[in-house]
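J.: Structure in structure tokens, see below.
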Amino acid sequence: MTFDSPTMDYAALSPIIALTAGLVVVVLAAVFDSVKRFGPALALLALAVTAGCLIWQWDANVDLVNGALRLDGLAVTLSLLVVVSAAVAVLLAIGEPAEAQAGRSDWLALLLGSVLGMVILAQATSMLTFFVGLELLSIPLYALCGTNLRRRESLEAGLKYLIIGSVGSATLLYGLALIYGASGATGFQAIADGLQAGDGMLSDSLTLVGVGLVAVGLAFKVSIAPFHQWTPDVYQGAPTPVTSFMAVATKAAAFAVFIRFFEVALGPITDQWDVMLAALSALSIMVGNVGALAQTSLKRMLGYSGIAQAGYMLAGIVTATQAGVDALVFYLAAYVAMNMAAFAVVVIRERQSGFSDDISTLRGLGREKPLIAWPLTIAMLALAGLPPTVGFIGKLYLMEALVDDDWTWLAVMIAIGTMISLGYYLRVVATLWMSPAEDSESAESAIDTAALPPQIAGATVDPFTDQEADRRWYLVAPALIAAAACLFFGIIPQPLVEFAQHAGNALSVWIS
Amino acid sequence: MLSSIIWTPLVFGLVGLLVPKRFAAWVAMFGAVITLGLSVGVLAGFDPDGGMQYVTDVSWIPGLGVDYSLGIDGVTVFLVLLTTIAWIPAIAFSAVRGVERPALFYLMMAAGETATLGAFLSQDLLLFVLFFDLMIVPFYFLFGIWGRDRGGENDPEGSPGRGLVSVQSATLKMIVFTLIGSLLMLVGAIAAAITSADGGELSFAISDIAARGIPEGSQNWIFWFFAVAFLVKMPVFPLHGWMPDAYRAAPLPALAVFSAVLSKVGAYGFLGIVLEILPDAAVLFQTTMLILAVAAIIYGSAMAFTTTDLRLVLGFSSVAQLGFILAGIFALNESGANGAVLQMVNHGLVVVPAFLIVAMIAERTGSEEVGPMGGLARKAPVFAVLFLIVTMATLAIPASANFIGEFFILNGVFETDPALAIIASSGVALAAFYALRMYQLAMHNPLPEGSDSREISLRDALVVVPMVAIVVVLAFSPQLILHESSPATDATVGVVKEIAK
């Protein structure tokens, strides 16, 4: 047996190379005091270069590294979403105490490491790169969740995420092993061929158990019910910029491999898994929406809402059609904009209120601070799927794909879930616009000073409150831009539809 | 042309954000007047026998098969006119009194007008659903921000006997009820296009779907997905649960247009969309819908008769009126449908001044309860006459426009189902009870302490008198509407009638 050394397509590998180089630069910059404070700028630069490489390779459709990776429309579009949400997270983290405590460069390096894992995962076409990418994504995130060293909740979130994430990874790995046993291959295309060639392998229990375990492992990552229990706790405990990144980027990357693994490798046995995923999707929609109703913490609420939204997106995979993949990618892109607008405002309010993310901190904001009330309002209306926002078009897209493939009942589930979701999304809107502001004295006393973390030794200013946060451009600009995108693509959705179709077309060989 | 009708109000609403606050109202007013002018222009150039006119059709989201396609026919031309008329007194009434945060208020009013006009003019099913959903968003803000908690111990104005209504829960209930219907309608609309295309090129154009036809089996469930949306919107018993609280919490000028026009979008949905694309199901469920309609008439009348809050008297009387309209549509014959169209316009025109008069009564008596009222007519003959005309139109006294509309409707229902027609006609008698009771309790009897019998002020008269004048003119010449609208109505009903045979 001879090994051919794989040919290196440097152009197609450029996004990964750029990101790795950026990671190294950010780490090295920490050594030199004079450039230390430019950490965020360097990270943004690295992300911008990566995005540039991705756009340069927009039309690529090539297998890389001996078929372990594949750069195509799906990888490019979803990697772009990951990069954008990472850039927003970097901006939102400026001045964040979590970042200060962990050391700015460590924090940024961990973030870029996770992004690298996601970009690899989005291109993975072999079970090995699949697993490596997933771990590279997860391990920095475990650490990032715990970076707010002086907050108990943050440490707890990090530990919780580590344990549950490891269980998920182990389950996934076990499933991959079983599928390897059934098909005798690690490449996605080879698995598909192996499953088709092997006698009775298509419905073999070994294969089916493997498929089930892989689905469970991925469900942990994208927080699909009933594997979602960690989500609200971790979302709430983690520093908010990390939460925003985790909520959006992890979903984008994990759904990329979810699509690729199920539509390509398991394409021949669609009938065996579509009902299972449909049931998971329906359950997730219900659990997420009902769970969110009772929440008073904004971040927990967004956590539950993320579970429901993951349920909507999973429905796009169920159909195993290009339209379904298009709809999923469209929804993911919309989700980036909606969530970024929401989380940016949460960050601003947290800094102004001594790290309370209770919904009551939003009272009367519509009158006093319309500049941040509007983005949050638009984000909530978009998440609730009301026109004229991108959320409405996203739901429409998903429903159209589902009805077209005779999954009408799942489309009805999305409709029912959306109705329930109005109960909590609109509560935020009502708090913003329809509740009078608390008088400032009671607002002051509402902050439990004892719960605040002890000040960092030597710090002269209180690092935990920043009354001017709603005037910092690096916090307000992401909120405004994301909200504007929600409206723009709600009124003129065609560019985003084409973006999504670029992803779907990449799979035209495998699905119709 | 139609695009400019739809977007003019919104453009002026947005301009209102940029000008100094005290001008915001007049910018919005200017926008509403221009929109009215445009819609009158469309009516002037309208050919009653010309079918769909002023058609615009451009691709909007080609990836999803959705077009931005507009058109106007004999029915919608009057509904558009009703909309553009109704908004003017509502804006004027707020303008002369002043509102908090005026720029935002008028932006929301304008957005509401834009969305409503869009719903009437859409010829693409998905565009219709989009505007239908969009309508509720500005009204959610209007009711939520400018409405207030009502009832409870310390609020004599807010019907203390009826318990506390918090504005937040009332608006939430309203939007959830409405969207329950419209989200299912979204699924129904997608299914309608996909089943009718049957593997061919997907098109959401209402005319395409009607021409291709939806398989009968699919029609039945799609029908209910649409019906629930429209029944909630109208609202019709038993889906009116959101109405009492929302009506009590809402600010009156916004409520006036809401009650006058948005309910008609539901009725129009049945006539212009359900009958067009789901004719078989409409025939199949005809009796069910007629029974619902009659139940709405009886229930609405009975509730209007027993309630003591003026807003709710008008709200429940609307339930009854919309019941008549629904009955007329599902009589599935020309007489019923023409009566329904006439009644849609009539009801809208009557309700706007009615709600504004309620607001003026509340200013004079400090209450919207009929209990502590009375004697307001004593020193205010003009005010009393205006209210009397509105009352008489509501109870459909002969020689009022409503009389003619209800007569056509009952005549149509009688052709279809005499028994139901007889029960429905009791609604006409009940209307006399509740309308006269409302007038009597407010205007006659001795004037209680604390109330002030004050003549209508000139600026209020300028707002209300034109509306009342239109009601009077229509009463004498309903042919103005029927002549233009009946060819379109007859054509719609004709197809369904064929199937019924």
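Convention: chains lettered A, B, ... in structure tokens order; per-chain residue numbering from 1; ligands numbered from 1 as shown.
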What are the residues of chain B that have an atom within 6 Å of an atom of chain A, counting only C-alpha atoms, as an MDAnalysis selection string?

T.: chainID B and resid 61 134 144:145 180 183 190

J.: Now that the selection is made, can you save its residues with all heavy atoms as a short mmCIF file (atom, residue, chain, number, x, y, z; two decimals), in the first residue's frame?

T.:
```cif
data_model
loop_
_atom_site.label_atom_id
_atom_site.label_comp_id
_atom_site.auth_asym_id
_atom_site.auth_seq_id
_atom_site.Cartn_x
_atom_site.Cartn_y
_atom_site.Cartn_z
N ILE B 61 -39.47 38.09 -4.62
CA ILE B 61 -38.48 37.11 -4.17
C ILE B 61 -38.53 35.96 -5.16
O ILE B 61 -39.23 34.96 -4.92
CB ILE B 61 -38.79 36.57 -2.76
CG1 ILE B 61 -39.34 37.65 -1.85
CG2 ILE B 61 -37.55 35.94 -2.14
CD1 ILE B 61 -39.75 37.14 -0.48
N LEU B 134 -48.64 42.13 8.94
CA LEU B 134 -48.02 43.42 9.20
C LEU B 134 -49.01 44.39 9.85
O LEU B 134 -48.62 45.21 10.68
CB LEU B 134 -47.49 43.99 7.89
CG LEU B 134 -46.69 45.29 7.96
CD1 LEU B 134 -45.48 45.10 8.84
CD2 LEU B 134 -46.25 45.71 6.58
N GLY B 144 -50.79 49.39 22.81
CA GLY B 144 -49.96 49.16 23.99
C GLY B 144 -49.37 50.43 24.56
O GLY B 144 -49.34 50.61 25.78
N ILE B 145 -48.90 51.33 23.71
CA ILE B 145 -48.22 52.52 24.22
C ILE B 145 -49.22 53.61 24.58
O ILE B 145 -49.09 54.26 25.61
CB ILE B 145 -47.19 53.04 23.19
CG1 ILE B 145 -46.16 51.96 22.89
CG2 ILE B 145 -46.50 54.30 23.72
CD1 ILE B 145 -45.11 52.38 21.89
N ILE B 180 -52.43 33.47 15.72
CA ILE B 180 -52.80 32.06 15.64
C ILE B 180 -53.43 31.82 14.29
O ILE B 180 -53.10 30.88 13.58
CB ILE B 180 -53.79 31.69 16.76
CG1 ILE B 180 -53.06 31.53 18.08
CG2 ILE B 180 -54.53 30.40 16.43
CD1 ILE B 180 -53.96 31.27 19.25
N LEU B 183 -50.77 32.68 11.16
CA LEU B 183 -49.66 31.75 10.90
C LEU B 183 -50.16 30.48 10.25
O LEU B 183 -49.53 29.93 9.35
CB LEU B 183 -48.94 31.43 12.21
CG LEU B 183 -48.05 32.55 12.71
CD1 LEU B 183 -47.73 32.37 14.17
CD2 LEU B 183 -46.78 32.58 11.90
N ILE B 190 -49.15 28.56 1.53
CA ILE B 190 -48.07 27.82 0.87
C ILE B 190 -48.63 26.53 0.28
O ILE B 190 -48.35 26.17 -0.87
CB ILE B 190 -46.94 27.55 1.86
CG1 ILE B 190 -46.28 28.85 2.29
CG2 ILE B 190 -45.92 26.62 1.26
CD1 ILE B 190 -45.38 28.71 3.49
#
```

J.: Taking the chain letters and numbering used in this document, name the residues of stretch 181-269 of chain B that DSSP puts in helix (DSSP H, G or I), as a count of residues only.

T.: 67

J.: If we count only C-alpha atoms, what is near A:Met276 at a cut-off of 12 Å, once residues fewer than 3 positions away on the same chain are taken out, given as a list in words?

T.: Leu208, Val211, Gly212, Leu213, Ala215, Val216, Ala219, Thr270, Asp271, Gln272, Trp273, Ala279, Leu280, Ser281, Ala282, Leu283, Leu314, Ala315, Ile317, Val318 and Thr319 of chain A

J.: Do a neighbour search on B:Pro138 at 7 Å with only C-alpha atoms, toss out local chain neighbours closer than 4 positions, and write the hits as a PDB file with all heavy atoms, in the first residue's frame.

T.:
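As written to disk, out.pdb reads:
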```pdb
ATOM      1  N   MET B 108     -46.920  55.047  13.522  1.00  0.00           N
ATOM      2  CA  MET B 108     -47.634  53.784  13.671  1.00  0.00           C
ATOM      3  C   MET B 108     -48.987  53.840  12.966  1.00  0.00           C
ATOM      4  O   MET B 108     -49.398  52.879  12.327  1.00  0.00           O
ATOM      5  CB  MET B 108     -47.831  53.465  15.154  1.00  0.00           C
ATOM      6  CG  MET B 108     -46.535  53.094  15.856  1.00  0.00           C
ATOM      7  SD  MET B 108     -45.809  51.613  15.129  1.00  0.00           S
ATOM      8  CE  MET B 108     -44.198  51.639  15.862  1.00  0.00           C
ATOM      9  N   MET B 109     -49.682  54.967  13.105  1.00  0.00           N
ATOM     10  CA  MET B 109     -50.954  55.102  12.386  1.00  0.00           C
ATOM     11  C   MET B 109     -50.727  54.933  10.884  1.00  0.00           C
ATOM     12  O   MET B 109     -51.470  54.228  10.199  1.00  0.00           O
ATOM     13  CB  MET B 109     -51.582  56.471  12.655  1.00  0.00           C
ATOM     14  CG  MET B 109     -52.190  56.639  14.034  1.00  0.00           C
ATOM     15  SD  MET B 109     -53.653  55.637  14.312  1.00  0.00           S
ATOM     16  CE  MET B 109     -54.941  56.639  13.585  1.00  0.00           C
ATOM     17  N   ALA B 111     -48.231  53.448   9.366  1.00  0.00           N
ATOM     18  CA  ALA B 111     -47.847  52.077   9.024  1.00  0.00           C
ATOM     19  C   ALA B 111     -49.086  51.193   8.995  1.00  0.00           C
ATOM     20  O   ALA B 111     -49.221  50.308   8.140  1.00  0.00           O
ATOM     21  CB  ALA B 111     -46.832  51.546  10.035  1.00  0.00           C
ATOM     22  N   GLY B 112     -50.007  51.445   9.917  1.00  0.00           N
ATOM     23  CA  GLY B 112     -51.244  50.671   9.909  1.00  0.00           C
ATOM     24  C   GLY B 112     -52.024  50.879   8.629  1.00  0.00           C
ATOM     25  O   GLY B 112     -52.539  49.926   8.044  1.00  0.00           O
ATOM     26  N   LEU B 142     -49.740  50.819  18.962  1.00  0.00           N
ATOM     27  CA  LEU B 142     -50.710  51.888  19.234  1.00  0.00           C
ATOM     28  C   LEU B 142     -51.529  51.585  20.475  1.00  0.00           C
ATOM     29  O   LEU B 142     -51.717  52.438  21.337  1.00  0.00           O
ATOM     30  CB  LEU B 142     -51.645  52.053  18.031  1.00  0.00           C
ATOM     31  CG  LEU B 142     -51.092  52.808  16.826  1.00  0.00           C
ATOM     32  CD1 LEU B 142     -52.020  52.668  15.641  1.00  0.00           C
ATOM     33  CD2 LEU B 142     -50.915  54.277  17.169  1.00  0.00           C
TER      34      LEU B 142
END
```

J.: Which polymer residues have any atom within 7 Å of an atom of A:Tyr304, counting only C-alpha atoms, with same-chain residues fewer than 4 positions away left out, as a list in words?

T.: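 Close residues of A:Tyr304: Pro232, Gly288, Asn289, Gly291, Ala292, Arg300 and Ala308 of chain A.
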
J.: Grab the residues selected above and save them as a PDB file, in the first residue's frame with N, CA, C and O atoms.

T.:
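result-v1.pdb written:
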```pdb
ATOM      1  N   PRO A 232     -29.842  26.713  28.897  1.00  0.00           N
ATOM      2  CA  PRO A 232     -30.186  27.930  29.644  1.00  0.00           C
ATOM      3  C   PRO A 232     -29.143  28.288  30.691  1.00  0.00           C
ATOM      4  O   PRO A 232     -28.762  29.457  30.809  1.00  0.00           O
ATOM      5  N   GLY A 288     -38.558  24.351  23.757  1.00  0.00           N
ATOM      6  CA  GLY A 288     -37.912  25.666  23.780  1.00  0.00           C
ATOM      7  C   GLY A 288     -38.916  26.783  24.009  1.00  0.00           C
ATOM      8  O   GLY A 288     -38.727  27.643  24.859  1.00  0.00           O
ATOM      9  N   ASN A 289     -40.007  26.745  23.263  1.00  0.00           N
ATOM     10  CA  ASN A 289     -40.965  27.843  23.365  1.00  0.00           C
ATOM     11  C   ASN A 289     -41.693  27.852  24.694  1.00  0.00           C
ATOM     12  O   ASN A 289     -41.905  28.901  25.284  1.00  0.00           O
ATOM     13  N   GLY A 291     -40.593  26.501  27.473  1.00  0.00           N
ATOM     14  CA  GLY A 291     -39.621  26.801  28.516  1.00  0.00           C
ATOM     15  C   GLY A 291     -39.326  28.292  28.626  1.00  0.00           C
ATOM     16  O   GLY A 291     -39.124  28.816  29.708  1.00  0.00           O
ATOM     17  N   ALA A 292     -39.309  28.967  27.485  1.00  0.00           N
ATOM     18  CA  ALA A 292     -38.945  30.385  27.498  1.00  0.00           C
ATOM     19  C   ALA A 292     -40.016  31.250  28.147  1.00  0.00           C
ATOM     20  O   ALA A 292     -39.722  32.339  28.638  1.00  0.00           O
ATOM     21  N   ARG A 300     -31.378  33.693  29.742  1.00  0.00           N
ATOM     22  CA  ARG A 300     -32.018  32.374  29.815  1.00  0.00           C
ATOM     23  C   ARG A 300     -33.121  32.278  28.770  1.00  0.00           C
ATOM     24  O   ARG A 300     -33.281  31.253  28.109  1.00  0.00           O
ATOM     25  N   ALA A 308     -35.700  26.489  20.608  1.00  0.00           N
ATOM     26  CA  ALA A 308     -36.822  26.461  19.670  1.00  0.00           C
ATOM     27  C   ALA A 308     -36.346  26.764  18.256  1.00  0.00           C
ATOM     28  O   ALA A 308     -36.733  26.091  17.295  1.00  0.00           O
TER      29      ALA A 308
END
```

J.: Identify, on the basis of only C-alpha atoms, every residue whose closest approach to B:Gly74 does not exceed 6 Å; exclude the query and any residue fewer than 5 positions from it along the same chain; express the result as a VMD selection string.

T.: chain B and resid 484 to 485 488

J.: Write the residues of the selection above to a file with all heavy atoms, as a JSON list (two decimals), in the first residue's frame.

T.:
```json
[["chain", "number", "residue", "atom", "x", "y", "z"],
["B", 484, "GLU", "N", -70.85, 50.13, -9.17],
["B", 484, "GLU", "CA", -69.46, 49.86, -9.52],
["B", 484, "GLU", "C", -69.02, 48.47, -9.06],
["B", 484, "GLU", "O", -68.21, 47.82, -9.71],
["B", 484, "GLU", "CB", -68.53, 50.89, -8.86],
["B", 484, "GLU", "CG", -68.87, 52.33, -9.13],
["B", 484, "GLU", "CD", -68.28, 52.83, -10.43],
["B", 484, "GLU", "OE1", -67.19, 52.35, -10.79],
["B", 484, "GLU", "OE2", -68.90, 53.67, -11.08],
["B", 485, "SER", "N", -69.53, 48.04, -7.90],
["B", 485, "SER", "CA", -68.96, 46.84, -7.31],
["B", 485, "SER", "C", -69.65, 45.57, -7.78],
["B", 485, "SER", "O", -69.04, 44.51, -7.80],
["B", 485, "SER", "CB", -69.04, 46.92, -5.79],
["B", 485, "SER", "OG", -70.38, 46.78, -5.38],
["B", 488, "ALA", "N", -68.02, 42.87, -10.22],
["B", 488, "ALA", "CA", -66.94, 42.07, -9.63],
["B", 488, "ALA", "C", -67.50, 41.06, -8.65],
["B", 488, "ALA", "O", -67.11, 39.88, -8.64],
["B", 488, "ALA", "CB", -65.93, 42.99, -8.94]]
```

J.: Have a look at atom CA of A:Gly184 and atom CA of A:Leu69 and let me know their distance in Å, one decimal.

T.: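 These atoms are spaced 18.8 Å apart.
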
J.: Using only C-alpha atoms, which protein or nucleic acid residues come within 9 Å of stretch 39-44 of chain A? Drop anything in the same chain fewer than 4 positions from it, and give the result as a list in words.

T.: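 Non-adjacent residues within range: Gly22, Leu23, Val25, Val26, Val27, Ala29, Ala30, Val35, Ala48, Val49, Ala86, Ala87, Val90, Leu91, Ala93, Ile94, Arg104, Ser105, Leu108, Ala109 and Leu112 of chain A.
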
J.: Enumerate as a PyMOL selection string all residues of stretch 23-57 of chain B assigned to strand (DSSP E) by DSSP on the backbone, naming them with the chain letters and numbers the document uses.

T.: chain B and resi 53-57

J.: Please determine, counting only C-alpha atoms, which residue among B:Gly63, B:Pro279, B:Gly272, B:Gly13 has the shortest atom-to-atom distance to B:Ala103.

T.: B:Gly13

J.: How far is it from atom CA of A:Arg351 to atom CA of A:Gly103, in Å with one decimal?

T.: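 Separation of atom CA of A:Arg351 and atom CA of A:Gly103: 18.9 Å.
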
J.: In terms of the shortest atom-to-atom distance over only C-alpha atoms, which of A:Gly316, A:Gly175, A:Pro268, A:Pro241 is closest to A:Ala256?

T.: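 Answer, going by the shortest atom-to-atom distance: A:Gly316.
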
J.: Can you work out the spacing between atom CA of B:Ala256 and atom CA of B:Ile470 in Å, to one decimal?

T.: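 Atom CA of B:Ile470 lies at a distance of 16.3 Å from atom CA of B:Ala256.
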